[in-house]
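J.: Once you've had a glance at the structure underneath, I'll fire off some questions.
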Amino acid sequence: LVLRRLARALEVLGGAEPLPPWLATRRGAGLVLGAWWACLFLLVLAFAGRATKFVYVDF
Amino acid sequence: MTARGLLVATLVLLLTLGCVDFAFGRYARAHFLPETQFRTALTKGKACVVTLGDSRMLVGIDGEVFPAELARHGVDACVAQLAIGGGTGEAQYAALRRYVEDEGRTPRLLIWGINADAAVPRLRPPDEFTGNNAVALAWSRASDVTLHYPGFPFANFDDGFRFLAARSTDLSSYASLLWNAVQRGQDRFTRSAKPAERNRFGFVADMDALEKSMARDLTDQLVKGGRSGLAVASHVTAVAELCKAHGIPVLWVELPMPKRHRKQVDSHPNAVRVRAELARLAKGLGGSFENFDDASWLDPQLFSDPLHLGADGARRFSAELAERVARRGALAR
């Protein structure tokens, strides 16, 4: 049961399944969803590139 | 999810990204090495001798020896270093333009270290504007799209569009800095970074590979450039036009290179052709072209890797450069 719930939660987080009705109709769901999208976007951006060979940045 | 909920989520997404972009941009500008070097250059004075180029010029100019030798030859001038390690011609042009047009500085003399391999006409995809070369995005203007990608939007549309998209935000302009930080973290986590010989410019093996690619570029890219009627890269002519418009005297310098590079790259027939074009451009600007690549004092011991002068080499080159600057009266006005 735990694994099934975890799988379901991951599918919802990944966008493979719609939000459950109790969450979709909840006040503030849009805020949480927007923040989650931003997190995903930034994660993709951070891991989508390639390191350069000649970088002399102090960063 | 209701339509109102989706709208709120979209607005939150855009607002969050906007805030992150703002904060990341501020952080990037405060820690980006070319940015701090540029700010240092601004502190040197109003009408300085400005040096421009890539990492070869950056190490070639000894910050103490060059001004001291200029003074010894009777030239009292501040020296501002605008050379960018790993910076392509596009980045160098953006740096000079920012210095001259945005900051309102007029160099007393521009010394541009540019070897034939860096002046080869080449369409550089925006993917290559990474690391220090992010300058070509961060300090660019939208109009640069036609400079880097001639014929846009009717030709080179894909590269031109990606350039415009990449330069539109700080997050995308400086994204490669984030990638490098992530890569370093991953290497530490997986302990996959192999110990290899490196110096301040990167792995020596990578520089070896870069040097080999230069000879290849001279053949391949000049053929393509020849088709479009370009003898030198568009950023070279852009720098020339910028200097002409602002009355900046230019000394073009072919930097000293190790023997193998001279044999494989600098003596290539296309390199000779590019060098002749650089000399012609210099003459057209009332400047001169100084070739240090055939200097009699060149010794393998003076180089620290396949591309860069070592500390002794930099002192020797700086002294020789100051002497030639004084001899040519390039600063007399």
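Residue numbering restarts at 1 for every chain of the structure tokens, chains are lettered A, B, ... in their displayed order, and ligands are numbered from 1 as they appear.
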Counting only C-alpha atoms, which residues of chain B sit at most 10 Å from some atom of chain A, and what is each one's closest atom pair with its distance in Å to one decimal, listed by chain and rising residue number, as JSON lines?

T.:
{"residue": "B:Met1", "atom": "CA", "partner": "A:Ala24", "partner_atom": "CA", "distance": 4.8}
{"residue": "B:Thr2", "atom": "CA", "partner": "A:Thr25", "partner_atom": "CA", "distance": 7.4}
{"residue": "B:Ala3", "atom": "CA", "partner": "A:Gly30", "partner_atom": "CA", "distance": 9.7}
{"residue": "B:Arg4", "atom": "CA", "partner": "A:Gly30", "partner_atom": "CA", "distance": 8.0}
{"residue": "B:Gly5", "atom": "CA", "partner": "A:Gly30", "partner_atom": "CA", "distance": 4.5}
{"residue": "B:Leu6", "atom": "CA", "partner": "A:Gly30", "partner_atom": "CA", "distance": 6.0}
{"residue": "B:Leu7", "atom": "CA", "partner": "A:Gly30", "partner_atom": "CA", "distance": 7.5}
{"residue": "B:Val8", "atom": "CA", "partner": "A:Gly30", "partner_atom": "CA", "distance": 5.1}
{"residue": "B:Ala9", "atom": "CA", "partner": "A:Gly34", "partner_atom": "CA", "distance": 3.8}
{"residue": "B:Thr10", "atom": "CA", "partner": "A:Gly34", "partner_atom": "CA", "distance": 5.8}
{"residue": "B:Leu11", "atom": "CA", "partner": "A:Gly34", "partner_atom": "CA", "distance": 7.2}
{"residue": "B:Val12", "atom": "CA", "partner": "A:Gly34", "partner_atom": "CA", "distance": 4.9}
{"residue": "B:Leu13", "atom": "CA", "partner": "A:Gly34", "partner_atom": "CA", "distance": 4.6}
{"residue": "B:Leu14", "atom": "CA", "partner": "A:Ala38", "partner_atom": "CA", "distance": 7.9}
{"residue": "B:Leu15", "atom": "CA", "partner": "A:Ala38", "partner_atom": "CA", "distance": 9.1}
{"residue": "B:Thr16", "atom": "CA", "partner": "A:Ala38", "partner_atom": "CA", "distance": 6.5}
{"residue": "B:Leu17", "atom": "CA", "partner": "A:Ala38", "partner_atom": "CA", "distance": 6.4}
{"residue": "B:Val20", "atom": "CA", "partner": "A:Leu42", "partner_atom": "CA", "distance": 9.1}
{"residue": "B:Tyr27", "atom": "CA", "partner": "A:Phe59", "partner_atom": "CA", "distance": 8.8}
{"residue": "B:Ala28", "atom": "CA", "partner": "A:Phe59", "partner_atom": "CA", "distance": 7.3}
{"residue": "B:Arg29", "atom": "CA", "partner": "A:Phe59", "partner_atom": "CA", "distance": 9.6}
{"residue": "B:Ala30", "atom": "CA", "partner": "A:Phe59", "partner_atom": "CA", "distance": 8.9}
{"residue": "B:His31", "atom": "CA", "partner": "A:Phe59", "partner_atom": "CA", "distance": 5.3}
{"residue": "B:Phe32", "atom": "CA", "partner": "A:Val57", "partner_atom": "CA", "distance": 5.9}
{"residue": "B:Leu33", "atom": "CA", "partner": "A:Val57", "partner_atom": "CA", "distance": 5.1}
{"residue": "B:Pro34", "atom": "CA", "partner": "A:Val57", "partner_atom": "CA", "distance": 7.7}
{"residue": "B:Glu35", "atom": "CA", "partner": "A:Val57", "partner_atom": "CA", "distance": 9.8}
{"residue": "B:Thr36", "atom": "CA", "partner": "A:Asp58", "partner_atom": "CA", "distance": 9.4}
{"residue": "B:Ser55", "atom": "CA", "partner": "A:Tyr56", "partner_atom": "CA", "distance": 9.7}
{"residue": "B:Ile84", "atom": "CA", "partner": "A:Tyr56", "partner_atom": "CA", "distance": 9.3}
{"residue": "B:Gly85", "atom": "CA", "partner": "A:Tyr56", "partner_atom": "CA", "distance": 6.8}
{"residue": "B:Gly86", "atom": "CA", "partner": "A:Phe54", "partner_atom": "CA", "distance": 5.9}
{"residue": "B:Gly87", "atom": "CA", "partner": "A:Phe54", "partner_atom": "CA", "distance": 9.3}
{"residue": "B:Asp127", "atom": "CA", "partner": "A:Gly49", "partner_atom": "CA", "distance": 9.3}
{"residue": "B:Glu128", "atom": "CA", "partner": "A:Thr52", "partner_atom": "CA", "distance": 8.6}
{"residue": "B:Phe129", "atom": "CA", "partner": "A:Thr52", "partner_atom": "CA", "distance": 9.7}
{"residue": "B:Thr130", "atom": "CA", "partner": "A:Thr52", "partner_atom": "CA", "distance": 6.7}
{"residue": "B:Gly131", "atom": "CA", "partner": "A:Val55", "partner_atom": "CA", "distance": 4.8}
{"residue": "B:Asn132", "atom": "CA", "partner": "A:Val55", "partner_atom": "CA", "distance": 5.9}
{"residue": "B:Asn133", "atom": "CA", "partner": "A:Val55", "partner_atom": "CA", "distance": 8.3}
{"residue": "B:Leu171", "atom": "CA", "partner": "A:Leu45", "partner_atom": "CA", "distance": 8.8}
{"residue": "B:Ser172", "atom": "CA", "partner": "A:Leu45", "partner_atom": "CA", "distance": 8.6}
{"residue": "B:Ala175", "atom": "CA", "partner": "A:Leu45", "partner_atom": "CA", "distance": 7.5}
{"residue": "B:Ser176", "atom": "CA", "partner": "A:Gly49", "partner_atom": "CA", "distance": 6.8}
{"residue": "B:Leu177", "atom": "CA", "partner": "A:Phe59", "partner_atom": "CA", "distance": 6.8}
{"residue": "B:Leu178", "atom": "CA", "partner": "A:Ala46", "partner_atom": "CA", "distance": 6.1}
{"residue": "B:Trp179", "atom": "CA", "partner": "A:Ala46", "partner_atom": "CA", "distance": 5.7}
{"residue": "B:Asn180", "atom": "CA", "partner": "A:Ala51", "partner_atom": "CA", "distance": 5.0}
{"residue": "B:Ala181", "atom": "CA", "partner": "A:Phe59", "partner_atom": "CA", "distance": 7.5}
{"residue": "B:Val182", "atom": "CA", "partner": "A:Ala46", "partner_atom": "CA", "distance": 6.8}
{"residue": "B:Gln183", "atom": "CA", "partner": "A:Ala51", "partner_atom": "CA", "distance": 6.5}
{"residue": "B:Arg184", "atom": "CA", "partner": "A:Ala51", "partner_atom": "CA", "distance": 8.9}
{"residue": "B:Arg200", "atom": "CA", "partner": "A:Tyr56", "partner_atom": "CA", "distance": 7.3}
{"residue": "B:Phe201", "atom": "CA", "partner": "A:Tyr56", "partner_atom": "CA", "distance": 6.3}
{"residue": "B:Gly202", "atom": "CA", "partner": "A:Phe54", "partner_atom": "CA", "distance": 5.8}
{"residue": "B:Phe203", "atom": "CA", "partner": "A:Lys53", "partner_atom": "CA", "distance": 7.7}
{"residue": "B:Asp206", "atom": "CA", "partner": "A:Lys53", "partner_atom": "CA", "distance": 6.8}
{"residue": "B:Met207", "atom": "CA", "partner": "A:Phe54", "partner_atom": "CA", "distance": 8.5}
{"residue": "B:Leu210", "atom": "CA", "partner": "A:Lys53", "partner_atom": "CA", "distance": 9.7}

J.: Region 106-256 of chain B: which residues are alpha helix (DSSP H) by DSSP, as a VMD selection string?

T.: chain B and resid 135 to 138 144 to 148 157 to 167 170 to 173 175 to 190 204 to 227 234 to 246

J.: Grab the CA of Leu96 (chain B) to CA of Val239 (chain B) distance for me, in Å with one decimal place.

T.: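 Distance reported for this atom pair: 7.8 Å.
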
J.: Report the residues of region 94-333 of chain B whose backbone DSSP state falls under strand (DSSP E or B), written as number ranges by chain.

T.: B: 109-113, 198-199, 202-203, 250-254, 288-291, 303, 309

J.: Save out the residues we just selected, C-alpha atoms, as a PDB file, in the first residue's frame.

T.:
ATOM      1  CA  LEU B 109      45.866  52.864 -27.858  1.00  0.00           C
ATOM      2  CA  LEU B 110      44.237  49.494 -28.399  1.00  0.00           C
ATOM      3  CA  ILE B 111      46.628  46.578 -28.538  1.00  0.00           C
ATOM      4  CA  TRP B 112      44.727  43.647 -29.909  1.00  0.00           C
ATOM      5  CA  GLY B 113      46.414  40.284 -29.626  1.00  0.00           C
ATOM      6  CA  ARG B 198      46.179  21.425 -15.476  1.00  0.00           C
ATOM      7  CA  ASN B 199      46.988  25.089 -15.069  1.00  0.00           C
ATOM      8  CA  GLY B 202      42.217  24.214 -17.734  1.00  0.00           C
ATOM      9  CA  PHE B 203      43.531  20.780 -18.579  1.00  0.00           C
ATOM     10  CA  VAL B 250      45.103  50.145 -33.018  1.00  0.00           C
ATOM     11  CA  LEU B 251      48.165  47.985 -32.783  1.00  0.00           C
ATOM     12  CA  TRP B 252      47.389  44.476 -33.981  1.00  0.00           C
ATOM     13  CA  VAL B 253      49.647  41.877 -32.484  1.00  0.00           C
ATOM     14  CA  GLU B 254      50.243  38.317 -33.558  1.00  0.00           C
ATOM     15  CA  SER B 288      50.142  48.684 -37.598  1.00  0.00           C
ATOM     16  CA  PHE B 289      50.459  44.947 -37.390  1.00  0.00           C
ATOM     17  CA  GLU B 290      53.228  43.497 -35.279  1.00  0.00           C
ATOM     18  CA  ASN B 291      54.140  39.867 -35.706  1.00  0.00           C
ATOM     19  CA  PHE B 303      55.770  28.519 -22.845  1.00  0.00           C
ATOM     20  CA  LEU B 309      53.416  31.888 -22.526  1.00  0.00           C
TER      21      LEU B 309
END

J.: Measure the distance from CA of Ala41 (chain B) to CA of Gln81 (chain B) in Å and round it to one decimal.

T.: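 So the answer is 5.8 Å.
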
J.: Find the spatial neighbours of Leu137 (chain B), counting only C-alpha atoms, within a cut-off of 7 Å - ignore same-chain residues fewer than 3 positions away - and output them as JSON, numbers by chain.

T.: {"B": [129, 134, 140, 167, 173]}

J.: Got time to write the residues from that selection, all heavy atoms, as a tab-separated table (two decimals), in the first residue's frame?

T.:
chain	number	residue	atom	x	y	z
B	129	PHE	N	28.82	29.84	-26.56
B	129	PHE	CA	28.95	31.03	-25.72
B	129	PHE	C	28.76	30.61	-24.26
B	129	PHE	O	27.79	30.97	-23.61
B	129	PHE	CB	27.95	32.11	-26.12
B	129	PHE	CG	28.18	32.63	-27.51
B	129	PHE	CD1	27.13	33.08	-28.30
B	129	PHE	CD2	29.46	32.70	-28.04
B	129	PHE	CE1	27.34	33.57	-29.58
B	129	PHE	CE2	29.69	33.19	-29.32
B	129	PHE	CZ	28.63	33.61	-30.10
B	134	ALA	N	30.48	33.47	-22.10
B	134	ALA	CA	29.11	33.95	-21.87
B	134	ALA	C	29.05	35.46	-22.01
B	134	ALA	O	27.96	36.03	-22.16
B	134	ALA	CB	28.63	33.53	-20.49
B	140	SER	N	25.98	41.41	-24.88
B	140	SER	CA	25.61	41.58	-26.29
B	140	SER	C	24.45	42.54	-26.45
B	140	SER	O	23.82	42.96	-25.47
B	140	SER	CB	25.22	40.22	-26.88
B	140	SER	OG	24.00	39.79	-26.29
B	167	ARG	N	20.24	35.21	-24.98
B	167	ARG	CA	20.70	36.48	-24.40
B	167	ARG	C	19.57	37.25	-23.71
B	167	ARG	O	19.80	38.28	-23.10
B	167	ARG	CB	21.33	37.37	-25.49
B	167	ARG	CG	20.34	37.89	-26.51
B	167	ARG	CD	20.91	38.98	-27.39
B	167	ARG	NE	21.33	40.15	-26.66
B	167	ARG	CZ	20.51	41.09	-26.19
B	167	ARG	NH1	19.19	40.97	-26.38
B	167	ARG	NH2	20.96	42.13	-25.53
B	173	SER	N	21.70	33.50	-20.13
B	173	SER	CA	23.03	34.01	-20.51
B	173	SER	C	24.13	33.35	-19.69
B	173	SER	O	25.19	33.01	-20.20
B	173	SER	CB	23.10	35.52	-20.30
B	173	SER	OG	22.25	36.19	-21.17

J.: What does the distance between CA of Gly63 (chain B) and CA of Ser318 (chain B) come to in Å, to one decimal place?

T.: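 Spanning CA of Gly63 (chain B) to CA of Ser318 (chain B) is a straight-line distance of 8.7 Å.
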